[in-house]
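What follows is a short report on a single structure.
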Amino acid sequence: MNLDADFSLLQLIADDLAERGWSVQDAFLPASLIAALAAECRTRASEGLLAAAAVGRGDGQAVREGIRGDRIHWLEPGQSEACDHYLSALDTLRLTLNRTLFLGLEDFEGHFALYPPGSFYQKHLDRFRDDDRRTVTAVFYLNADWREEQGGALRMYLPDEQVLDLAPLAGRLAVFLSGDFPHEVLPASHERLSLTGWFRRRGSF
Ligand code: OGA
Ligand code: MN
């Protein structure tokens with residue numbers, strides 16, 4: 001079975017980013033891989049590996065459930081076959097973005113995120129004030145049989161006061177320029193799983 005992301009789809013994402021700064025693809029990876037990633041997120045949760053996510057950086061870093069209530073665990077190469085497949089698909093995307101957009105993306109950092117029912121992440125930008133390496137955000141959703149009325153949308157604030165709500169449907173990948181789009185995660189009535197990460201450029205210091 002081919003577990004790699006389809007090349008023409010990667011090019012479509014690059015073209016969308018060049019044109020308007022964001023892209024959404026449904027069916028980004030095969031269903032079997034999505035299911036394996038969701039299972040792994042749940043296993044990590046049951047093993048107690050997920051920890052409350054912090055906001056800010058360095059000395060200013062703190063857990064603030066009034067700002068974000070997700071629980072996370074970082075991806076590292078070699079943790080599992082499913083995660084390695086995901087990292088390799090995203091690396092192919094990184095190279096495609098570099099070829100098309102000359103972004104000079106050097107690496108990717110990402111984590112599983114589990115939002116317990118009722119939790120949310122208030123409106124924010126993914127780029128830190130004192131560290132501009134995060135350049136492109138990629139969020140991959142793992143929720144099979146999700147219904148819109150369960151909430152949990154990624155709400156993106158687009159130019160001209162347009163708002164885009166994206167349900168966290170299994171297989172959906174949302175990609176956007178990290179410094180350009182304020183966004184938030186709306187509360188959901190059910191547990192919400194995703195893989196969230198950032199392609200980074202070399203730092204300017
Ligand atoms: C984040 C974030 C969006 C989502 O973790 O920074 O905005 O839909 N996540 O999970
Ligand atoms: Mn974000």
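As shown in the structure tokens, the chain order sets the letters A, B, ...; within each chain, residues go from 1, and ligands are also counted from 1 in the order they appear.
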Exercise for review: Produce as an NGL selection string the set of residues near ligand 1, where near means within 6 Å with only C-alpha atoms and all ligand atoms considered.
Suggested key: :A and (126 or 154 or 184-185 or 196)
Let's have the selection written as a CSV table (one decimal), in the first residue's frame, with N, CA, C and O atoms.
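Heads up, here's the output in out01.csv:
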```
chain,number,residue,atom,x,y,z
A,126,ASP,N,0.6,32.0,15.4
A,126,ASP,CA,1.5,30.9,15.8
A,126,ASP,C,2.9,31.4,15.9
A,126,ASP,O,3.8,30.7,16.3
A,154,LEU,N,-11.7,24.8,13.7
A,154,LEU,CA,-10.6,25.7,13.6
A,154,LEU,C,-11.2,27.0,12.9
A,154,LEU,O,-11.7,26.9,11.8
A,184,GLU,N,-8.4,30.4,16.0
A,184,GLU,CA,-8.7,29.9,17.3
A,184,GLU,C,-9.3,28.5,17.2
A,184,GLU,O,-9.8,28.1,16.1
A,185,VAL,N,-9.3,27.7,18.3
A,185,VAL,CA,-10.0,26.4,18.3
A,185,VAL,C,-11.2,26.6,19.1
A,185,VAL,O,-11.2,27.0,20.3
A,196,THR,N,-0.4,18.8,15.3
A,196,THR,CA,-0.2,20.2,14.9
A,196,THR,C,1.3,20.4,14.9
A,196,THR,O,2.0,19.9,15.7
```
Practice item. Please identify all polymer residues within 9 Å of Leu10 in chain A, counting only C-alpha atoms, omitting same-chain residues fewer than 6 positions from it, and present them as a list in words. Key: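 Non-adjacent residues within range: Thr92, Leu93, Thr96 and Leu97 of chain A.
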Go ahead and save the picked residues with C-alpha atoms, as a PDB file, in the first residue's frame.
```
ATOM      1  CA  THR A  92       8.028  15.852   1.246  1.00  0.00           C
ATOM      2  CA  LEU A  93       5.585  18.753   1.661  1.00  0.00           C
ATOM      3  CA  THR A  96       7.653  21.020  -2.289  1.00  0.00           C
ATOM      4  CA  LEU A  97       6.994  24.320  -0.496  1.00  0.00           C
TER       5      LEU A  97
END
```
Practice item. For range 17-24 of chain A, work out the shell of residues within 10 Å, counting only C-alpha atoms and skipping chain neighbours fewer than 2 positions away, then give it as number ranges by chain. Key: A: 11-15, 26-28, 97, 100-101, 136-140, 156, 158-159, 166, 172-178, 180-181
Keeping only N, CA and C atoms, write the selected residues to a file as a compact mmCIF listing (two decimals), in the first residue's frame.
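And here is the file that came out, out.txt:
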```txt
# COMPACT_ATOMS: atom_id res chain seq x y z
N GLN A 11 1.59 19.74 -4.49
CA GLN A 11 1.77 20.90 -5.37
C GLN A 11 0.58 21.84 -5.25
N LEU A 12 -0.61 21.26 -5.10
CA LEU A 12 -1.83 22.06 -4.92
C LEU A 12 -1.72 22.92 -3.65
N ILE A 13 -1.20 22.32 -2.59
CA ILE A 13 -1.04 23.06 -1.32
C ILE A 13 -0.06 24.21 -1.54
N ALA A 14 1.05 23.93 -2.23
CA ALA A 14 2.05 24.97 -2.49
C ALA A 14 1.43 26.10 -3.32
N ASP A 15 0.64 25.75 -4.32
CA ASP A 15 0.01 26.77 -5.17
C ASP A 15 -0.98 27.62 -4.37
N ASP A 26 -8.75 17.64 2.10
CA ASP A 26 -9.46 16.58 2.88
C ASP A 26 -8.77 15.25 2.47
N ALA A 27 -8.75 14.20 2.83
CA ALA A 27 -8.06 12.99 2.35
C ALA A 27 -6.56 13.19 2.10
N PHE A 28 -5.85 13.83 3.02
CA PHE A 28 -4.41 14.05 2.83
C PHE A 28 -3.61 12.75 2.91
N LEU A 97 7.20 22.89 -0.80
CA LEU A 97 6.99 24.32 -0.50
C LEU A 97 8.27 25.10 -0.78
N THR A 100 8.64 25.59 -4.57
CA THR A 100 7.67 26.47 -5.21
C THR A 100 7.73 27.88 -4.66
N LEU A 101 7.92 27.99 -3.35
CA LEU A 101 7.77 29.31 -2.71
C LEU A 101 9.09 29.89 -2.22
N VAL A 136 5.31 28.16 8.48
CA VAL A 136 4.09 27.55 7.93
C VAL A 136 3.53 26.58 8.97
N THR A 137 2.25 26.74 9.27
CA THR A 137 1.55 25.86 10.22
C THR A 137 0.86 24.74 9.44
N ALA A 138 0.92 23.52 9.97
CA ALA A 138 0.19 22.39 9.35
C ALA A 138 -0.55 21.65 10.46
N VAL A 139 -1.87 21.58 10.35
CA VAL A 139 -2.67 20.85 11.35
C VAL A 139 -3.40 19.72 10.63
N PHE A 140 -3.22 18.50 11.16
CA PHE A 140 -3.83 17.32 10.55
C PHE A 140 -4.81 16.73 11.56
N MET A 156 -10.55 30.41 11.31
CA MET A 156 -9.47 31.23 10.74
C MET A 156 -10.00 32.59 10.35
N LEU A 158 -9.58 35.53 8.02
CA LEU A 158 -9.00 35.83 6.71
C LEU A 158 -9.10 37.33 6.44
N PRO A 159 -8.44 37.81 5.38
CA PRO A 159 -8.56 39.24 5.05
C PRO A 159 -10.02 39.63 4.79
N LEU A 166 -13.38 25.46 10.06
CA LEU A 166 -13.03 24.15 9.52
C LEU A 166 -13.27 23.09 10.59
N ARG A 172 -8.28 15.60 7.20
CA ARG A 172 -8.20 16.99 6.72
C ARG A 172 -6.89 17.61 7.18
N LEU A 173 -6.20 18.25 6.25
CA LEU A 173 -4.96 18.97 6.57
C LEU A 173 -5.19 20.45 6.31
N ALA A 174 -4.95 21.29 7.31
CA ALA A 174 -5.02 22.75 7.13
C ALA A 174 -3.60 23.28 7.19
N VAL A 175 -3.23 24.07 6.20
CA VAL A 175 -1.87 24.62 6.12
C VAL A 175 -1.99 26.13 5.92
N PHE A 176 -1.22 26.91 6.67
CA PHE A 176 -1.28 28.36 6.46
C PHE A 176 0.01 29.05 6.91
N LEU A 177 0.22 30.26 6.42
CA LEU A 177 1.41 31.02 6.80
C LEU A 177 1.23 31.45 8.26
N SER A 178 2.18 31.03 9.10
CA SER A 178 2.01 31.15 10.56
C SER A 178 1.86 32.60 11.03
N ASP A 180 0.52 35.14 9.41
CA ASP A 180 -0.47 35.95 8.68
C ASP A 180 -1.92 35.76 9.11
N PHE A 181 -2.23 34.65 9.77
CA PHE A 181 -3.64 34.36 10.03
C PHE A 181 -3.93 34.10 11.50
```
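Residues in contact range of range 102-106 of chain A, defined as at most 9 Å between only C-alpha atoms, with sequence neighbours fewer than 6 positions away removed, read Arg94, Leu95, Arg133, Thr135, Val136, Phe199, Arg200, Arg201 and Arg202 of chain A.
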Hey, can you spit out that residue selection with N, CA, C and O atoms as a PDB file, in the first residue's frame?
```pdb
ATOM      1  N   ARG A  94       7.426  19.816   2.856  1.00  0.00           N
ATOM      2  CA  ARG A  94       8.407  20.889   3.108  1.00  0.00           C
ATOM      3  C   ARG A  94       9.252  21.153   1.863  1.00  0.00           C
ATOM      4  O   ARG A  94       9.440  22.308   1.451  1.00  0.00           O
ATOM      5  N   LEU A  95       9.720  20.071   1.235  1.00  0.00           N
ATOM      6  CA  LEU A  95      10.564  20.242   0.044  1.00  0.00           C
ATOM      7  C   LEU A  95       9.772  20.857  -1.109  1.00  0.00           C
ATOM      8  O   LEU A  95      10.288  21.700  -1.844  1.00  0.00           O
ATOM      9  N   ARG A 133      10.918  31.965  13.663  1.00  0.00           N
ATOM     10  CA  ARG A 133      11.248  30.792  12.840  1.00  0.00           C
ATOM     11  C   ARG A 133      10.020  30.043  12.339  1.00  0.00           C
ATOM     12  O   ARG A 133      10.054  29.461  11.259  1.00  0.00           O
ATOM     13  N   THR A 135       7.109  29.348  10.318  1.00  0.00           N
ATOM     14  CA  THR A 135       6.757  30.022   9.067  1.00  0.00           C
ATOM     15  C   THR A 135       5.464  29.485   8.465  1.00  0.00           C
ATOM     16  O   THR A 135       4.641  30.246   7.973  1.00  0.00           O
ATOM     17  N   VAL A 136       5.310  28.162   8.479  1.00  0.00           N
ATOM     18  CA  VAL A 136       4.094  27.549   7.929  1.00  0.00           C
ATOM     19  C   VAL A 136       3.533  26.585   8.968  1.00  0.00           C
ATOM     20  O   VAL A 136       4.255  25.735   9.495  1.00  0.00           O
ATOM     21  N   PHE A 199       6.543  24.275  10.148  1.00  0.00           N
ATOM     22  CA  PHE A 199       7.785  24.278   9.374  1.00  0.00           C
ATOM     23  C   PHE A 199       8.527  25.546   9.769  1.00  0.00           C
ATOM     24  O   PHE A 199       7.936  26.635   9.789  1.00  0.00           O
ATOM     25  N   ARG A 200       9.816  25.375  10.065  1.00  0.00           N
ATOM     26  CA  ARG A 200      10.588  26.524  10.558  1.00  0.00           C
ATOM     27  C   ARG A 200      11.713  26.902   9.609  1.00  0.00           C
ATOM     28  O   ARG A 200      12.323  26.047   8.978  1.00  0.00           O
ATOM     29  N   ARG A 201      11.961  28.206   9.584  1.00  0.00           N
ATOM     30  CA  ARG A 201      13.114  28.750   8.872  1.00  0.00           C
ATOM     31  C   ARG A 201      14.265  28.888   9.843  1.00  0.00           C
ATOM     32  O   ARG A 201      14.049  28.879  11.047  1.00  0.00           O
ATOM     33  N   ARG A 202      15.445  29.111   9.308  1.00  0.00           N
ATOM     34  CA  ARG A 202      16.591  29.383  10.174  1.00  0.00           C
ATOM     35  C   ARG A 202      16.318  30.695  10.924  1.00  0.00           C
ATOM     36  O   ARG A 202      15.736  31.636  10.379  1.00  0.00           O
TER      37      ARG A 202
END
```
Practice item. Excluding Glu47 in chain A and residues on its chain fewer than 6 positions from it, collect all residues at most 12 Å away from it, counting only C-alpha atoms, and give them as a list of chain:residue names. Key: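 With the cut-off at 12 Å, the set is A:Glu40, A:Cys41, A:His73.
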Atoms kept (N, CA and C atoms) for selection, written as a compact mmCIF listing (two decimals), in the first residue's frame:
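Result file again_18.txt:
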```
# COMPACT_ATOMS: atom_id res chain seq x y z
N GLU A 40 -2.58 5.92 18.11
CA GLU A 40 -1.36 6.24 18.83
C GLU A 40 -1.56 7.43 19.78
N CYS A 41 -2.32 8.41 19.34
CA CYS A 41 -2.60 9.56 20.21
C CYS A 41 -3.33 9.09 21.47
N HIS A 73 1.77 16.00 23.15
CA HIS A 73 3.01 15.21 23.25
C HIS A 73 3.76 15.36 21.95
```
Check your understanding: If we count only C-alpha atoms, what is near Trp74 in chain A at a cut-off of 8 Å, once residues fewer than 2 positions away on the same chain are taken out, given as an MDAnalysis selection string?
Key -> chainID A and resid 72 76 109:112
Do a neighbour search on Ala113 in chain A at 6 Å with only C-alpha atoms, toss out local chain neighbours closer than 2 positions, and write the hits as a short mmCIF file (atom, residue, chain, number, x, y, z; two decimals) with C-alpha atoms, in the first residue's frame.
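Written output follows (around.cif):
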```cif
data_model
loop_
_atom_site.label_atom_id
_atom_site.label_comp_id
_atom_site.auth_asym_id
_atom_site.auth_seq_id
_atom_site.Cartn_x
_atom_site.Cartn_y
_atom_site.Cartn_z
CA ARG A 71 -2.89 18.33 26.12
CA ILE A 72 0.10 17.56 23.91
CA LEU A 193 -7.49 14.83 18.26
CA SER A 194 -4.96 16.39 15.89
CA LEU A 195 -1.34 16.59 14.91
#
```
Check your understanding: Mind checking DSSP for range 75-129 of chain A and telling me the strand (DSSP E) residues as a VMD selection string?
Key -> chain A and resid 105 to 115 121 to 124
Revision key, fill the gap. A straight line from CA of Arg129 in chain A to CA of Leu50 in chain A spans 26.2 Å
Check your understanding: To one decimal place, how far is CA of Arg192 in chain A from CA of Gly58 in chain A in Å?
Key -> 27.5 Å
Practice item. Extract the full set of alpha helix (DSSP H) residues from range 45-195 of chain A according to DSSP on the backbone, and format it as a ChimeraX atom specification. Key: /A:45-46,81-101
